[in-house]
file data-v5.txt (compact mmCIF, C-alpha atoms and all ligand atoms)
# COMPACT_ATOMS: atom_id res chain seq x y z
CA MET R 656 7.20 7.63 19.90
CA LYS R 657 3.80 5.90 20.08
CA PRO R 658 3.20 3.72 17.01
CA LEU R 659 0.44 4.74 14.60
CA LEU R 660 -0.64 1.15 14.08
CA GLU R 661 -0.07 -1.86 16.33
CA LEU R 662 -0.86 -5.47 15.53
CA LYS R 663 -0.66 -7.78 18.49
CA ASN R 664 -0.84 -11.55 18.02
CA ILE R 665 -3.38 -11.45 15.20
CA ASN R 666 -4.95 -14.75 14.13
CA TYR R 667 -7.46 -15.23 11.33
CA SER R 668 -9.12 -18.27 9.71
CA TYR R 669 -11.64 -18.53 6.88
CA HIS R 670 -14.58 -20.85 7.49
CA THR R 671 -16.24 -22.44 4.48
CA PRO R 672 -18.47 -25.51 4.04
CA ASP R 673 -15.27 -27.38 3.10
CA GLY R 674 -13.63 -26.59 6.41
CA GLU R 675 -11.32 -24.10 8.04
CA THR R 676 -8.37 -22.33 6.34
CA LYS R 677 -6.01 -20.67 8.75
CA ALA R 678 -4.65 -17.57 6.97
CA LEU R 679 -2.79 -15.61 9.66
CA SER R 680 -0.93 -16.92 12.69
CA ASN R 681 0.18 -14.76 15.55
CA ILE R 682 1.05 -11.66 13.48
CA SER R 683 2.61 -8.82 15.46
CA PHE R 684 4.25 -5.63 14.20
CA THR R 685 3.98 -1.86 14.53
CA LEU R 686 4.04 1.02 12.06
CA SER R 687 5.42 4.41 13.07
CA THR R 688 4.12 7.68 11.69
CA GLY R 689 5.65 8.59 8.34
CA GLU R 690 7.13 5.15 7.79
CA PHE R 691 6.81 3.25 4.50
CA THR R 692 6.57 -0.49 5.15
CA ALA R 693 6.24 -3.31 2.65
CA VAL R 694 4.81 -6.77 3.29
CA VAL R 695 6.12 -9.57 1.10
CA GLY R 696 5.32 -13.27 1.13
CA PRO R 697 4.44 -16.18 -1.12
CA SER R 698 1.25 -15.99 -3.16
CA GLY R 699 -1.78 -17.05 -1.10
CA CYS R 700 -0.01 -16.65 2.25
CA GLY R 701 -2.45 -14.11 3.68
CA LYS R 702 -1.25 -10.64 2.60
CA SER R 703 -4.65 -9.39 1.37
CA THR R 704 -6.30 -10.89 4.44
CA LEU R 705 -3.94 -8.81 6.56
CA LEU R 706 -4.91 -5.60 4.71
CA SER R 707 -8.62 -6.40 5.03
CA LEU R 708 -8.21 -6.75 8.80
CA ILE R 709 -6.32 -3.46 9.05
CA ASP R 710 -8.95 -1.75 6.91
CA GLY R 711 -11.62 -3.02 9.29
CA LEU R 712 -13.40 -5.03 6.55
CA MET R 713 -12.93 -8.14 8.66
CA ARG R 714 -12.32 -8.78 12.35
CA PRO R 715 -9.44 -10.87 13.68
CA GLU R 716 -10.27 -14.15 15.36
CA SER R 717 -7.99 -13.17 18.20
CA GLY R 718 -5.42 -10.49 18.89
CA GLU R 719 -5.51 -6.72 18.94
CA LEU R 720 -5.38 -4.04 16.24
CA LEU R 721 -4.71 -0.56 17.57
CA LEU R 722 -4.70 2.73 15.65
CA ASN R 723 -3.20 5.55 17.71
CA GLY R 724 -3.48 3.31 20.75
CA ALA R 725 -7.25 2.76 20.36
CA PRO R 726 -8.88 -0.45 19.07
CA LEU R 727 -9.79 -0.42 15.39
CA THR R 728 -13.48 -1.11 15.56
CA ASP R 729 -14.87 -0.51 12.09
CA ASN R 730 -13.97 0.85 8.68
CA SER R 731 -12.00 3.91 9.77
CA SER R 732 -11.91 7.09 7.71
CA LYS R 733 -8.34 7.44 8.95
CA ILE R 734 -7.32 4.65 6.60
CA GLY R 735 -7.06 5.10 2.81
CA TYR R 736 -6.81 2.33 0.23
CA MET R 737 -5.00 2.25 -3.11
CA LEU R 738 -5.73 -0.75 -5.29
CA GLN R 739 -4.40 -2.43 -8.40
CA HIS R 740 -7.09 -0.77 -10.53
CA ASP R 741 -7.65 2.95 -10.33
CA HIS R 742 -11.47 2.71 -10.42
CA LEU R 743 -11.84 6.10 -12.09
CA PHE R 744 -15.28 6.68 -13.65
CA GLU R 745 -15.23 7.65 -17.31
CA TRP R 746 -18.43 9.68 -16.99
CA ARG R 747 -16.79 12.01 -14.47
CA SER R 748 -13.98 14.48 -15.12
CA VAL R 749 -10.65 13.88 -13.36
CA TYR R 750 -11.53 16.62 -10.86
CA ARG R 751 -14.96 15.09 -10.11
CA ASN R 752 -13.39 11.65 -9.78
CA ILE R 753 -11.04 13.05 -7.19
CA LEU R 754 -13.96 14.47 -5.22
CA LEU R 755 -15.78 11.13 -5.21
CA GLY R 756 -14.46 9.74 -1.91
CA ALA R 757 -15.09 13.08 -0.19
CA GLU R 758 -18.66 13.18 -1.63
CA ILE R 759 -19.39 9.79 -0.11
CA ASN R 760 -18.21 11.11 3.27
CA GLY R 761 -20.49 14.17 3.23
CA PRO R 762 -21.22 17.50 1.55
CA ILE R 763 -18.38 19.02 -0.46
CA THR R 764 -17.26 22.27 1.12
CA PRO R 765 -15.44 25.06 -0.79
CA GLU R 766 -12.35 24.10 1.28
CA VAL R 767 -12.46 20.51 -0.01
CA LYS R 768 -12.83 21.78 -3.61
CA ALA R 769 -9.88 24.13 -3.16
CA ARG R 770 -7.77 21.34 -1.67
CA ALA R 771 -8.66 19.03 -4.56
CA LEU R 772 -7.53 21.64 -7.10
CA ASP R 773 -4.42 22.32 -5.05
CA LEU R 774 -3.48 18.62 -4.95
CA LEU R 775 -4.08 18.31 -8.70
CA ASP R 776 -1.76 21.27 -9.30
CA GLN R 777 0.82 20.08 -6.80
CA TYR R 778 1.05 16.66 -8.43
CA GLY R 779 1.06 17.84 -12.04
CA LEU R 780 -2.53 17.10 -13.04
CA GLY R 781 -3.90 20.66 -12.79
CA GLN R 782 -4.31 21.01 -16.55
CA PHE R 783 -6.17 17.68 -16.71
CA ALA R 784 -8.81 18.60 -14.10
CA GLY R 785 -11.54 18.80 -16.78
CA SER R 786 -10.32 15.80 -18.81
CA LYS R 787 -11.89 12.38 -18.93
CA PRO R 788 -9.90 9.55 -17.30
CA SER R 789 -9.38 7.93 -20.75
CA GLU R 790 -7.36 10.99 -21.79
CA LEU R 791 -4.76 10.23 -19.10
CA SER R 792 -1.84 7.80 -19.29
CA GLY R 793 -1.80 4.74 -16.98
CA GLY R 794 0.61 6.51 -14.65
CA MET R 795 -1.46 9.69 -14.52
CA ARG R 796 -4.56 7.63 -13.73
CA GLN R 797 -2.79 6.00 -10.78
CA ARG R 798 -1.68 9.44 -9.64
CA ALA R 799 -5.30 10.66 -9.84
CA ALA R 800 -6.41 7.64 -7.79
CA LEU R 801 -3.80 8.48 -5.17
CA ILE R 802 -4.90 12.14 -5.06
CA ARG R 803 -8.50 10.95 -4.52
CA THR R 804 -7.28 9.01 -1.48
CA LEU R 805 -5.02 11.82 -0.20
CA LEU R 806 -7.94 14.28 -0.35
CA LEU R 807 -9.54 12.29 2.48
CA ASP R 808 -6.40 12.98 4.50
CA PRO R 809 -5.94 9.43 5.79
CA GLU R 810 -3.39 8.77 8.50
CA LEU R 811 -2.51 5.41 7.01
CA LEU R 812 -2.38 4.42 3.33
CA LEU R 813 -2.88 0.77 2.43
CA LEU R 814 -1.47 -0.14 -0.98
CA ASP R 815 -2.55 -3.52 -2.35
CA GLU R 816 -0.34 -4.42 -5.34
CA PRO R 817 -1.07 -0.95 -6.77
CA PHE R 818 1.24 -1.28 -9.78
CA SER R 819 0.68 -4.89 -10.81
CA ALA R 820 -1.75 -4.06 -13.64
CA LEU R 821 0.91 -1.94 -15.40
CA ASP R 822 3.51 -3.13 -17.88
CA TYR R 823 7.10 -3.33 -16.58
CA GLN R 824 8.41 -0.01 -17.99
CA THR R 825 5.37 1.96 -16.82
CA ARG R 826 5.46 0.18 -13.50
CA LEU R 827 9.01 1.41 -12.78
CA LYS R 828 8.10 5.01 -13.57
CA VAL R 829 4.75 4.95 -11.78
CA SER R 830 6.11 3.34 -8.62
CA ASP R 831 8.88 5.96 -8.57
CA ASP R 832 6.31 8.73 -9.02
CA ILE R 833 3.77 7.41 -6.50
CA GLY R 834 6.53 6.55 -4.00
CA GLN R 835 7.82 10.11 -4.10
CA ILE R 836 4.31 11.60 -3.73
CA ILE R 837 3.68 9.45 -0.66
CA ARG R 838 7.04 10.47 0.86
CA HIS R 839 6.27 14.11 0.12
CA SER R 840 2.82 13.85 1.72
CA GLY R 841 4.41 12.43 4.91
CA LYS R 842 1.79 9.66 5.07
CA THR R 843 2.39 6.33 6.73
CA ALA R 844 2.11 3.60 4.12
CA LEU R 845 1.76 -0.18 4.13
CA LEU R 846 2.41 -1.78 0.75
CA VAL R 847 1.54 -5.37 -0.08
CA THR R 848 3.47 -6.68 -3.05
CA HIS R 849 4.89 -9.89 -4.47
CA ASP R 850 7.57 -7.82 -6.25
CA LEU R 851 10.74 -7.76 -4.12
CA SER R 852 12.40 -5.05 -6.21
CA GLU R 853 9.40 -2.82 -5.68
CA ALA R 854 9.48 -3.46 -1.93
CA VAL R 855 13.22 -2.66 -1.67
CA SER R 856 12.96 0.44 -3.85
CA LEU R 857 10.04 1.96 -1.94
CA SER R 858 10.21 1.08 1.72
CA ASP R 859 11.91 1.76 5.04
CA ARG R 860 11.18 -1.74 6.31
CA ILE R 861 10.15 -5.04 4.81
CA ILE R 862 8.03 -7.54 6.71
CA ILE R 863 8.60 -11.06 5.39
CA LEU R 864 5.72 -13.48 5.82
CA SER R 865 5.90 -17.27 5.69
CA GLN R 866 3.65 -19.52 3.64
CA ARG R 867 0.05 -19.84 4.81
CA PRO R 868 -0.80 -19.56 7.61
CA ALA R 869 1.33 -16.42 7.44
CA GLU R 870 3.70 -15.76 10.32
CA VAL R 871 6.21 -12.93 10.48
CA VAL R 872 9.51 -14.55 9.50
CA ARG R 873 11.66 -11.44 9.70
CA ILE R 874 11.47 -7.65 9.59
CA VAL R 875 14.32 -6.12 7.56
CA PRO R 876 15.13 -2.41 7.93
CA ILE R 877 16.07 -0.84 4.58
CA THR R 878 18.48 2.10 4.44
CA PHE R 879 20.20 3.61 1.45
CA THR R 880 23.00 6.17 1.62
CA LEU R 881 21.83 8.15 -1.39
CA GLU R 882 21.95 11.90 -1.77
CA ASN R 883 18.68 11.78 -3.69
CA ASP R 884 16.90 8.76 -2.20
CA THR R 885 14.22 7.98 -4.81
CA PRO R 886 12.86 4.54 -5.78
CA LEU R 887 14.56 4.67 -9.21
CA ASN R 888 17.91 5.76 -7.77
CA ARG R 889 17.72 2.95 -5.22
CA ARG R 890 17.48 0.40 -8.01
CA ASN R 891 20.93 1.46 -9.24
CA ALA R 892 22.58 1.61 -5.81
CA PRO R 893 24.94 -1.19 -4.69
CA GLU R 894 22.83 -1.93 -1.56
CA PHE R 895 19.85 -2.83 -3.75
CA LYS R 896 21.15 -6.22 -4.83
CA THR R 897 22.27 -7.07 -1.29
CA TYR R 898 18.80 -6.42 0.15
CA PHE R 899 17.12 -8.20 -2.75
CA ASN R 900 19.26 -11.34 -2.32
CA GLU R 901 18.88 -11.35 1.46
CA ILE R 902 15.08 -11.22 1.28
CA TRP R 903 14.90 -13.62 -1.68
CA LYS R 904 16.89 -16.19 0.32
CA GLU R 905 14.63 -15.76 3.34
CA LEU R 906 11.48 -16.18 1.23
CA ASN R 907 12.76 -19.31 -0.45
CA LYS R 908 14.16 -20.95 2.69
CA ASN R 909 10.92 -22.68 3.56
CA ASP R 910 9.28 -22.71 0.16
CA GLN R 911 8.38 -26.28 -0.75
CA THR R 912 6.62 -25.24 -3.96
CA ILE R 913 9.80 -24.80 -6.04
P1 LIG B 1001 -2.36 -13.32 -0.61
O1 LIG B 1001 -2.93 -11.95 -0.61
O2 LIG B 1001 -1.08 -13.45 0.17
O3 LIG B 1001 -2.24 -13.93 -1.98
P2 LIG B 1001 -4.90 -14.00 0.67
O4 LIG B 1001 -4.89 -13.18 1.91
O5 LIG B 1001 -5.74 -13.52 -0.46
O6 LIG B 1001 -3.41 -14.28 0.18
O7 LIG B 1001 -5.40 -15.47 1.03
C1 LIG B 1001 -4.77 -16.28 2.03
C2 LIG B 1001 -5.39 -17.65 2.01
O8 LIG B 1001 -6.69 -17.59 2.54
C3 LIG B 1001 -5.49 -18.22 0.60
O9 LIG B 1001 -4.60 -19.28 0.46
C4 LIG B 1001 -6.89 -18.70 0.45
O10 LIG B 1001 -6.89 -20.12 0.38
C5 LIG B 1001 -7.62 -18.31 1.72
N1 LIG B 1001 -8.77 -17.44 1.44
C6 LIG B 1001 -8.74 -16.15 1.03
N2 LIG B 1001 -9.97 -15.64 0.92
C7 LIG B 1001 -10.81 -16.64 1.28
C8 LIG B 1001 -12.23 -16.75 1.38
N3 LIG B 1001 -13.03 -15.71 1.11
N4 LIG B 1001 -12.74 -17.93 1.78
C9 LIG B 1001 -11.95 -18.98 2.06
N5 LIG B 1001 -10.61 -18.94 2.01
C10 LIG B 1001 -10.05 -17.80 1.62

call {"tool": "encode", "arguments": {"input": "data-v5.txt", "output": "structure tokens", "more": "lines below"}}
Ligand code: ADP
result
Amino acid sequence: MKPLLELKNINYSYHTPDGETKALSNISFTLSTGEFTAVVGPSGCGKSTLLSLIDGLMRPESGELLLNGAPLTDNSSKIGYMLQHDHLFEWRSVYRNILLGAEINGPITPEVKARALDLLDQYGLGQFAGSKPSELSGGMRQRAALIRTLLLDPELLLLDEPFSALDYQTRLKVSDDIGQIIRHSGKTALLVTHDLSEAVSLSDRIIILSQRPAEVVRIVPITFTLENDTPLNRRNAPEFKTYFNEIWKELNKNDQTI
């Protein structure tokens, strides 16, 4: 099957008055449709830079980025972003917040409105359509932010540390919830996180990056033999610790900072 996204020998450096900082070195990997992939690596290695290149916010210095076999030229509507903060506006109802991305893209058709209400119902926020964001819990707010992105029907979802602003307990529940919604929607997802447990509980593959300039150290396929394969159930499965330790070791192999 043709990959949805292909990165071929991507290099990127920042140029400032103080000099050049090489952030990414020869990064190559592919994402297949429907796959959930996590990228882990030391802080400051180049993970956010990688997402900005995939989102088309920046151009690589060299190398190729292909979406469905065609070069990614600018900010593509086929790519959706989910960030650490939900960026819901308090002066809009939950429903009108969800329509925001679609409004920016053009006039809101009755079909888009119906789909927004349908998604709210489907993901348990139907009764909160008229509520203000402050009336929702942290988890519900993240769910609303995800629905706003899903309404645009992106082919690829980029998740940049989406749970890191939440406290530990909430984080476990919300990542379980959001992970299951993404699986259910069939979307291809690329998650950047510094939390190994989160990466193992959510993904099909983990791409391990080295320290800056980031290179791909290893790509680890993740499979669990669970009847009900959810992020929370994974955390209690025997394979969880094995994957965690394997990736932890790999990350710390070349880490001179500890
Ligand atoms: P991560 O997301 O893995 O923490 P980033 O992609 O944000 O890392 O940054 C990678 C490296 O690139 C950092 O170490 C930083 O020094 C450098 N960097 C990031 N943004 C800029 C910028 N706007 N200008 C100069 N250097 C930058």

call {"tool": "residues_near_ligand", "arguments": {"input": "data-v5.txt", "ligand": "ligand LIG 1001 (chain B)", "cutoff": "8 Å", "atoms": "all atoms listed in the file", "output": "number ranges by chain"}}
result
R: 668-671, 675-679, 696-705, 847, 867-868

call {"tool": "residues_near_point", "arguments": {"input": "data-v5.txt", "point": "(12.2, 7.8, 0.9)", "cutoff": "12 Å", "atoms": "only C-alpha atoms", "output": "count of residues only"}}
result
38

call {"tool": "atom_distance", "arguments": {"input": "data-v5.txt", "atom1": "atom CA of Leu686 of chain R", "atom2": "atom CA of Leu659 of chain R"}}
result
5.8 Å

call {"tool": "atom_distance", "arguments": {"input": "data-v5.txt", "atom1": "atom CA of Gly779 of chain R", "atom2": "atom CA of Ile763 of chain R"}}
result
22.7 Å

call {"tool": "atom_distance", "arguments": {"input": "data-v5.txt", "atom1": "atom CA of Pro765 of chain R", "atom2": "atom CA of Leu801 of chain R"}}
result
20.7 Å

call {"tool": "residues_near_point", "arguments": {"input": "data-v5.txt", "point": "(-7.7, 7.7, -2.2)", "cutoff": "12 Å", "atoms": "all atoms listed in the file", "output": "PyMOL selection string"}}
result
chain R and resi 732-738+740-743+752-757+771+796-814+817+837

call {"tool": "closest_residue", "arguments": {"input": "data-v5.txt", "among": "R:Ile759, R:Val829, R:Leu772, R:Leu660", "to": "Leu720 of chain R", "atoms": "all atoms listed in the file"}}
result
R:Leu660

call {"tool": "closest_residue", "arguments": {"input": "data-v5.txt", "among": "R:Ser852, R:Val872, R:Leu712, R:Arg747", "to": "Glu894 of chain R", "atoms": "all atoms listed in the file"}}
result
R:Ser852

call {"tool": "closest_residue", "arguments": {"input": "data-v5.txt", "among": "R:Leu845, R:Ile682, R:Leu662, R:Leu906", "to": "Ala725 of chain R", "atoms": "all atoms listed in the file"}}
result
R:Leu662

call {"tool": "closest_residue", "arguments": {"input": "data-v5.txt", "among": "R:Gln824, R:Thr764, R:Ala693, R:Gln777", "to": "Pro876 of chain R", "atoms": "all atoms listed in the file"}}
result
R:Ala693

call {"tool": "closest_residue", "arguments": {"input": "data-v5.txt", "among": "R:Glu901, R:Asp710, R:Glu745, R:Glu719", "to": "Phe684 of chain R", "atoms": "all atoms listed in the file"}}
result
R:Glu719

call {"tool": "closest_residue", "arguments": {"input": "data-v5.txt", "among": "R:Gln866, R:Thr685, R:Ser748, R:Ser707", "to": "Phe783 of chain R", "atoms": "only C-alpha atoms"}}
result
R:Ser748
